[in-house]
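*Asks:* Would you mind keeping the following structure in view while I ask a few things?
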Amino acid sequence: MSCLHLLLILHFLSLLTQIFMKNLLYLLGFDKAKHSVRTELMAGLTTFLTMSYILAVNPLILGDAGMDKGAVFSATVVAAAIATMVMAFYARLPFALASGMGLNAFFAYTLVIVMGFTWQQALAAVFIEGVVFILLTVFRVREAIVNAIPLNLRYAISVGIGLFIAFIGLKNGGIIIKSDATVTTLAPWTATSLLAIGGVVLGCVLMALKVRGALFYTIIVMTLIGIPIGVTKIPEGFSLLSLPASLEPVAFQLDFSRFLSFDIEYYIIVFTLVFMDLFDTLGTLIGTSTSAGMVDKNGRIRGLNRALMADAVGTTLGALAGTSTVTTYVESTIGIASGGRTGLTSFTVAILFLVALFFSPFFLMIPAAATTSALVLVGVLMIRTITKVDLTDITEAFPCFVTILMMPFTASIAEGIVLGMLSYVLVKLLSGRHHEVSIAMYILAVFFVLKYVAPLL
C-alpha cells in the first residue's frame, strides 16, 4: 500500500470520527457556541469521583440482606450506567443516577432484616415502584407536583440540600462526630479530619483562582496526600484491573408472591418506596437546577419530565439487574458547580461507571475524606439562592425555614420538602390566606398528613 493510499484512509477515518463526534454531541444537547467539551468532561469526572463511594457501600449494605456482594457490585454499576445514559441522551441533562443511599438501607435493614421479606420480594417491590414511576411520569403527575411547589420553597430546597450535603461532607471527613449530649460535636483532630479540612481550604483557593476542575483536582491531590499518612488505603496485592463478577446470582430474581396475594403490608411498602424516591429525586432536581440557573423565567426546570423518566427507567431496570432503588444523585451538584450543563456530563459519568467494572480497585481506593471538599464547597454554592427567598412575609419565610432546617436535621431531602410544604399550607390556611395555596398543594398536604398518621393507626 502506497503512502498516498494510507493518507487517504487516515483522512477518511478522521472525517468519520468528526462526523460521529458531531452527531454524538448533538444528541447529548451540546452546543459548542455555549459549552466546552473539556468542562463537561471534567464535570462528569468530578461527579463520578464524588459518588463512586456507592460502588463500595451498596454491596456491603445489600450483602447484609443475603445478596451476593460481587453480583451486587456489578448490578450497581450496570444500573447506574444505563440510567445515567438515559439521562444523557433522553433528558440531555447533567444529572447522574445510581442506587440511592438511605433507600438501600431501607431495602436491607427494614424490608428484609426487620420485616422478614426475602430480598427477592424486596426487589419485586422496587420493580413495581419503578413501573408506578413510569406511569406517573407518562401522565405528568410527577411534573405537576414539582410545578405545584411555590417558588420560594423551591429556592429553600436548594439551600436545604446545600446544608445537607455539606453536613454529609463534614461527617464523612471525620470533622464532626455523634454526641449523646448535643447530637453532633467537633471531632478530635486526626489525620482523616486534617486531610478533609486541607481539601476544603485547597478547593476554596483553587475556586477563588478560577481554576477549571478545581474540585476534581482537589480530590486527586487529597487522595495522594492520604497515602503516606495512612488515610488512603492501598490493599495488599493491589491491581488496577479486575474482571467483573457475574450478575447471575441477583439478576431477574424477583418474587411477586406477596404482591399477587394482595398483601396490604406489601402494598404499603411499595407506597413508602414511591414516596421516598419521589421527593428525594424532586428535591435534587429542583435544588440543583435552581441554584445553577437551569430554569425558565417562571422557575420551571427545562426537560423535567424527561429527567424524571430517566429516574423511573433506572429504578425499573435496576431491580431487574439486582439492586435497590435507583435515584438522581445529589452529588450531581458537584459536576454542575464545575460547569456541567449538558448530557455530555452525564454521558461521561455513565462511561466511567462501565470502566469501573474493570478498574474497581482504583476507584474504591479514594477515601471519603478526599471528597469532603467537594461536598462542603458545593454546599456553599447552593445556599446562594437564600437571597431570592422572600423573608419579609412570615407565611413564606417560615415554611422555607422549616424546609432548610429539616433536611440536614432529619438527614432526608424528602422529609424536609414534605414538612416545608405542610407548614406552608397550614400557615397560609390559618392566617386567612388560603386563596394563595393551589389545589394541588392541598391535595399533596392531605397525602402527607396520611403518611404521618397511618403508622399510628
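Note on naming: chains are A, B, ... as they come in the C-alpha cells, residues start from 1 per chain, ligands start from 1 in the order shown.
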Extract, using only C-alpha atoms, all DNA, RNA and protein residues at most 8 Å from region 387-392 of chain A, discarding same-chain residues fewer than 3 positions from it, and format them as a list of chain:residue names.

*Replies:*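 Returned residues: A:Asn152, A:Leu153, A:Tyr155, A:Ala156, A:Arg384, A:Glu396, A:Ala397, A:Cys400.
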
*Asks:* When you look at Ala445 (chain A) with a cut-off of 10 Å (counting only C-alpha atoms), what residues show up, excluding the ones that are within fewer than 3 positions of it in the same chain? I need them as a CSV table (one decimal) with C-alpha atoms, in the first residue's frame.

*Replies:*
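Below you can see out.csv, which holds the result:
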```csv
chain,number,residue,atom,x,y,z
A,418,VAL,CA,-42.8,17.4,53.0
A,419,LEU,CA,-42.6,19.3,56.3
A,421,MET,CA,-44.9,22.1,52.2
A,422,LEU,CA,-47.2,21.1,55.1
A,423,SER,CA,-46.2,24.1,57.1
A,424,TYR,CA,-46.8,26.3,54.0
A,425,VAL,CA,-50.4,25.0,53.6
A,426,LEU,CA,-51.1,25.2,57.4
A,439,ILE,CA,-55.5,22.9,44.8
A,440,ALA,CA,-52.5,20.6,44.1
A,441,MET,CA,-50.8,21.8,47.3
A,442,TYR,CA,-54.0,21.0,49.3
A,448,PHE,CA,-48.5,14.0,53.6
A,449,VAL,CA,-50.8,14.0,56.7
A,450,LEU,CA,-51.9,10.4,55.9
A,451,LYS,CA,-48.2,9.4,55.6
```

*Asks:* Residues near Thr137 (chain A), anyone? I mean within 12 Å using only C-alpha atoms, not counting same-chain ones fewer than 5 positions away, as an MDAnalysis selection string.

*Replies:* chainID A and resid 130:132 142:146 278 304:313

*Asks:* With only C-alpha atoms as the atoms that count, which of A:Pro244, A:Ile177, A:Ile157, A:Gly226 lies nearest to Asp280 (chain A)?

*Replies:*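 Comparing A:Pro244, A:Ile177, A:Ile157, A:Gly226 against Asp280 (chain A), the winner is A:Ile157.
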
*Asks:* So what do you get for CA of Leu320 (chain A) versus CA of Tyr90 (chain A), distance-wise?

*Replies:*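 Taking CA of Leu320 (chain A) and CA of Tyr90 (chain A), their separation equals 20.8 Å.
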
*Asks:* Write out as a ChimeraX atom specification the set of residues from region 243-293 of chain A that DSSP, computed on the backbone, places in alpha helix (DSSP H).

*Replies:* /A:257-260,264-291

*Asks:* Would you mind reading off the distance between CA of Ile175 (chain A) and CA of Thr190 (chain A), one decimal, in Å?

*Replies:*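 Computed distance, CA of Ile175 (chain A) to CA of Thr190 (chain A), equals 8.7 Å.
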
*Asks:* Show which residues sit within 8 Å of Ser346 (chain A), as a list in words. Count only C-alpha atoms, and ignore same-chain residues fewer than 5 positions away.

*Replies:*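 The neighbour list is Gly44, Thr84, Met85, Met87, Ala88, Leu93, Pro94, Phe95 and Ala96 of chain A.
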
*Asks:* Pull N, CA and C atoms from the residues just selected and write them as a tab-separated table (two decimals), in the first residue's frame.

*Replies:*
```tsv
chain	number	residue	atom	x	y	z
A	44	GLY	N	-18.17	15.69	34.56
A	44	GLY	CA	-18.57	14.30	34.67
A	44	GLY	C	-17.61	13.49	35.54
A	84	THR	N	-28.03	6.56	33.83
A	84	THR	CA	-27.35	7.81	33.54
A	84	THR	C	-27.25	8.03	32.03
A	85	MET	N	-27.13	6.95	31.26
A	85	MET	CA	-27.15	7.06	29.80
A	85	MET	C	-28.51	7.58	29.31
A	87	MET	N	-30.47	9.47	31.03
A	87	MET	CA	-30.45	10.90	31.38
A	87	MET	C	-29.67	11.69	30.33
A	88	ALA	N	-28.56	11.13	29.86
A	88	ALA	CA	-27.69	11.84	28.91
A	88	ALA	C	-28.35	12.03	27.55
A	93	LEU	N	-29.44	16.19	30.22
A	93	LEU	CA	-29.15	16.98	31.41
A	93	LEU	C	-27.96	16.38	32.16
A	94	PRO	N	-27.25	17.18	32.95
A	94	PRO	CA	-26.01	16.71	33.59
A	94	PRO	C	-26.19	16.00	34.93
A	95	PHE	N	-27.28	15.26	35.08
A	95	PHE	CA	-27.53	14.56	36.34
A	95	PHE	C	-27.08	13.10	36.24
A	96	ALA	N	-26.55	12.59	37.34
A	96	ALA	CA	-26.11	11.19	37.40
A	96	ALA	C	-27.03	10.41	38.33
```

*Asks:* Quick one: pull the distance between CA of Gly237 (chain A) and CA of Phe358 (chain A), Å, one decimal.

*Replies:*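 Value for the CA of Gly237 (chain A)-CA of Phe358 (chain A) distance: 15.7 Å.
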
*Asks:* Pick out each residue of region 42-180 of chain A that DSSP on the backbone tags as strand (DSSP E or B); I need them as a ChimeraX atom specification.

*Replies:* /A:97-99,176-179

*Asks:* For Ile113 (chain A), list every protein, DNA or RNA residue within 12 Å, evaluated using only C-alpha atoms, and leave out those in the same chain fewer than 5 positions away; present the list as a list in words.

*Replies:* Ile61, Leu62, Gly63, Asp64, Ala65, Gly66, Ala105, Phe106, Phe107, Ala108, Thr118, Trp119 and Ala122 of chain A

*Asks:* Export, as an mmCIF file, in the first residue's frame, the selected residues with C-alpha atoms.

*Replies:*
```cif
data_model
loop_
_atom_site.group_PDB
_atom_site.id
_atom_site.type_symbol
_atom_site.label_atom_id
_atom_site.label_comp_id
_atom_site.auth_asym_id
_atom_site.auth_seq_id
_atom_site.Cartn_x
_atom_site.Cartn_y
_atom_site.Cartn_z
ATOM 1 C CA ILE A 61 -25.477 -2.980 52.650
ATOM 2 C CA LEU A 62 -27.326 -5.322 50.287
ATOM 3 C CA GLY A 63 -24.892 -8.076 51.261
ATOM 4 C CA ASP A 64 -26.348 -7.851 54.782
ATOM 5 C CA ALA A 65 -29.690 -8.786 53.224
ATOM 6 C CA GLY A 66 -28.160 -12.031 51.958
ATOM 7 C CA ALA A 105 -30.583 0.762 53.856
ATOM 8 C CA PHE A 106 -34.411 0.689 53.916
ATOM 9 C CA PHE A 107 -34.283 -2.246 51.488
ATOM 10 C CA ALA A 108 -31.807 -4.315 53.528
ATOM 11 C CA THR A 118 -36.913 -12.105 51.247
ATOM 12 C CA TRP A 119 -34.564 -9.977 49.172
ATOM 13 C CA ALA A 122 -37.966 -6.672 48.166
#
```

*Asks:* Which residues come within 9 Å of region 407-410 of chain A, counting only C-alpha atoms, excluding same-chain residues fewer than 2 positions away, as a list in words?

*Replies:* Ile157, Gly160, Ile161, Leu163, Phe164, Ile165, Ala166, Phe167, Ile168, Val402, Thr403, Ile404, Leu405, Ser412, Ile413, Ala414, Glu415, Gly416 and Ile417 of chain A

*Asks:* Find, counting only C-alpha atoms, the residue in A:Leu28, A:Ile149, A:Ala370, A:Leu135 that gets nearest to Phe279 (chain A).

*Replies:*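 Using only C-alpha atoms, Phe279 (chain A) sits closest to A:Ile149.
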
*Asks:* A:Thr39, A:Asn172, A:Thr395, A:Thr284: which is nearest Arg154 (chain A), counting only C-alpha atoms?

*Replies:* A:Thr284

*Asks:* Looking at only C-alpha atoms, which of A:Ile82, A:Ala369, A:Ile336, A:Ala374 is the one that sits closest to Leu194 (chain A)?

*Replies:*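 Comparing A:Ile82, A:Ala369, A:Ile336, A:Ala374 against Leu194 (chain A), the winner is A:Ala369.
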